[in-house]
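S.K.: If you scroll down you'll find the structure; I have some questions about it.
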Amino acid sequence: MPEIGSGGQEIRIRDESGAFRVIYVAKFAGTVYVLPCFQKKTQKTNKTDLDLAIKRYGDLVKEIRP
């Protein structure tokens with residue numbers, strides 16, 4: 001997911017209760033950082049969820065590389 005940031009990835013999960021997404025990055029210090037995870041209500045990912053992932057990615061980069 002390049003719109004989130006370099007190294008941003010997405011896991012898609014579907015089961016009988018619906019569709020879920022986990023957005024994460026695993027390129028810093030051998031650690032997996034989960035940005036947001038959420039249940040999908042529509043086919044398109046909600047802008048609010050993407051904006052939250054982008055913000056958390058930016059915060060993470062600032063924390064790791066002051």
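Following the order of the structure tokens, chains are lettered A, B, ..., residues in each are numbered from 1, and ligands are numbered from 1.
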Quick one: DSSP strand (DSSP E) residues in chain A, as a PyMOL selection string?
M.R.: chain A and resi 8-15+18-28+31-40
S.K.: Grab the residues selected above and save them as a tab-separated table (two decimals), in the first residue's frame with N, CA, C and O atoms.
M.R.:
chain	number	residue	atom	x	y	z
A	8	GLY	N	4.33	-0.12	3.49
A	8	GLY	CA	2.97	-0.38	3.98
A	8	GLY	C	2.36	-1.58	3.29
A	8	GLY	O	2.43	-1.72	2.08
A	9	GLN	N	1.79	-2.49	4.06
A	9	GLN	CA	1.20	-3.73	3.54
A	9	GLN	C	-0.22	-3.89	4.09
A	9	GLN	O	-0.57	-3.27	5.10
A	10	GLU	N	-0.97	-4.76	3.46
A	10	GLU	CA	-2.35	-5.00	3.88
A	10	GLU	C	-2.62	-6.50	3.91
A	10	GLU	O	-2.20	-7.23	3.02
A	11	ILE	N	-3.29	-6.94	4.94
A	11	ILE	CA	-3.79	-8.30	5.02
A	11	ILE	C	-5.30	-8.22	4.91
A	11	ILE	O	-5.94	-7.43	5.62
A	12	ARG	N	-5.85	-9.03	4.03
A	12	ARG	CA	-7.30	-9.08	3.84
A	12	ARG	C	-7.82	-10.39	4.40
A	12	ARG	O	-7.31	-11.46	4.06
A	13	ILE	N	-8.85	-10.29	5.23
A	13	ILE	CA	-9.44	-11.47	5.85
A	13	ILE	C	-10.94	-11.44	5.59
A	13	ILE	O	-11.59	-10.41	5.79
A	14	ARG	N	-11.46	-12.57	5.15
A	14	ARG	CA	-12.91	-12.66	4.92
A	14	ARG	C	-13.40	-13.93	5.60
A	14	ARG	O	-12.81	-14.99	5.44
A	15	ASP	N	-14.47	-13.79	6.39
A	15	ASP	CA	-15.11	-14.97	6.97
A	15	ASP	C	-16.61	-14.73	6.99
A	15	ASP	O	-17.10	-13.76	6.41
A	18	GLY	N	-17.89	-11.20	7.86
A	18	GLY	CA	-17.58	-10.04	7.04
A	18	GLY	C	-16.15	-10.01	6.55
A	18	GLY	O	-15.42	-11.00	6.63
A	19	ALA	N	-15.76	-8.84	6.06
A	19	ALA	CA	-14.41	-8.62	5.53
A	19	ALA	C	-13.65	-7.69	6.49
A	19	ALA	O	-14.21	-6.73	7.01
A	20	PHE	N	-12.39	-8.01	6.70
A	20	PHE	CA	-11.55	-7.25	7.63
A	20	PHE	C	-10.23	-6.92	6.95
A	20	PHE	O	-9.79	-7.64	6.06
A	21	ARG	N	-9.61	-5.84	7.38
A	21	ARG	CA	-8.31	-5.42	6.87
A	21	ARG	C	-7.38	-5.09	8.03
A	21	ARG	O	-7.81	-4.52	9.03
A	22	VAL	N	-6.12	-5.44	7.84
A	22	VAL	CA	-5.05	-5.06	8.77
A	22	VAL	C	-4.00	-4.36	7.92
A	22	VAL	O	-3.51	-4.93	6.94
A	23	ILE	N	-3.68	-3.13	8.24
A	23	ILE	CA	-2.63	-2.40	7.55
A	23	ILE	C	-1.43	-2.33	8.50
A	23	ILE	O	-1.57	-1.96	9.66
A	24	TYR	N	-0.27	-2.72	7.97
A	24	TYR	CA	0.91	-2.81	8.82
A	24	TYR	C	2.16	-2.43	8.04
A	24	TYR	O	2.14	-2.32	6.82
A	25	VAL	N	3.23	-2.24	8.78
A	25	VAL	CA	4.55	-2.02	8.18
A	25	VAL	C	5.55	-2.87	8.97
A	25	VAL	O	5.45	-2.96	10.20
A	26	ALA	N	6.45	-3.52	8.26
A	26	ALA	CA	7.41	-4.43	8.91
A	26	ALA	C	8.83	-4.16	8.44
A	26	ALA	O	9.62	-5.07	8.32
A	27	LYS	N	9.16	-2.92	8.20
A	27	LYS	CA	10.50	-2.63	7.68
A	27	LYS	C	11.39	-1.92	8.69
A	27	LYS	O	12.51	-1.59	8.37
A	28	PHE	N	10.92	-1.68	9.89
A	28	PHE	CA	11.70	-0.97	10.89
A	28	PHE	C	12.13	-1.90	12.01
A	28	PHE	O	11.30	-2.49	12.69
A	31	THR	N	10.53	-5.34	13.38
A	31	THR	CA	9.28	-5.33	14.14
A	31	THR	C	8.11	-5.11	13.19
A	31	THR	O	8.22	-4.37	12.23
A	32	VAL	N	6.98	-5.74	13.50
A	32	VAL	CA	5.76	-5.51	12.75
A	32	VAL	C	4.92	-4.49	13.52
A	32	VAL	O	4.58	-4.72	14.68
A	33	TYR	N	4.62	-3.37	12.89
A	33	TYR	CA	3.79	-2.34	13.50
A	33	TYR	C	2.42	-2.36	12.81
A	33	TYR	O	2.34	-2.15	11.61
A	34	VAL	N	1.38	-2.65	13.58
A	34	VAL	CA	0.03	-2.62	13.05
A	34	VAL	C	-0.45	-1.18	13.12
A	34	VAL	O	-0.44	-0.57	14.19
A	35	LEU	N	-0.86	-0.65	11.99
A	35	LEU	CA	-1.32	0.74	11.94
A	35	LEU	C	-2.81	0.71	12.33
A	35	LEU	O	-3.10	0.76	13.50
A	36	PRO	N	-3.78	0.59	11.44
A	36	PRO	CA	-5.12	0.29	11.90
A	36	PRO	C	-5.56	-1.10	11.43
A	36	PRO	O	-4.97	-1.68	10.51
A	37	CYS	N	-6.56	-1.62	12.08
A	37	CYS	CA	-7.27	-2.80	11.59
A	37	CYS	C	-8.75	-2.49	11.76
A	37	CYS	O	-9.15	-1.79	12.68
A	38	PHE	N	-9.55	-2.95	10.81
A	38	PHE	CA	-10.95	-2.55	10.80
A	38	PHE	C	-11.78	-3.53	9.99
A	38	PHE	O	-11.25	-4.31	9.18
A	39	GLN	N	-13.09	-3.49	10.22
A	39	GLN	CA	-14.02	-4.28	9.42
A	39	GLN	C	-14.48	-3.44	8.24
A	39	GLN	O	-14.80	-2.27	8.39
A	40	LYS	N	-14.47	-4.05	7.07
A	40	LYS	CA	-14.90	-3.35	5.86
A	40	LYS	C	-16.42	-3.42	5.77
A	40	LYS	O	-17.01	-4.46	5.97
S.K.: If you run DSSP on the backbone, which residues of chain A are alpha helix (DSSP H), as a list of chain:residue names?
M.R.: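 Here are the alpha helix (DSSP H) residues of chain A: A:Lys47, A:Thr48, A:Asp49, A:Leu50, A:Asp51, A:Leu52, A:Ala53, A:Ile54, A:Lys55, A:Arg56, A:Tyr57, A:Gly58, A:Asp59, A:Leu60, A:Val61, A:Lys62, A:Glu63, A:Ile64.
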S.K.: List the neighbours of Gly5 of chain A out to 9 Å using only C-alpha atoms; skip same-chain residues closer than 2 positions along the sequence, and give me the result as a PyMOL selection string.
M.R.: chain A and resi 1-3+7-8+25+53-54+57-58
S.K.: What does the distance between atom CA of Leu52 of chain A and atom CA of Glu16 of chain A come to in Å, to one decimal place?
M.R.: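 Going from atom CA of Leu52 of chain A over to atom CA of Glu16 of chain A, I get 26.3 Å.
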S.K.: Could you state the separation of atom CA of Leu50 of chain A and atom CA of Arg65 of chain A in Å, given to one decimal place?
M.R.: 22.3 Å
S.K.: Rounded to one decimal in Å, what is the spacing between atom CA of Ser6 of chain A and atom CA of Lys55 of chain A?
M.R.: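 About the pair atom CA of Ser6 of chain A and atom CA of Lys55 of chain A: they are 13.3 Å apart.
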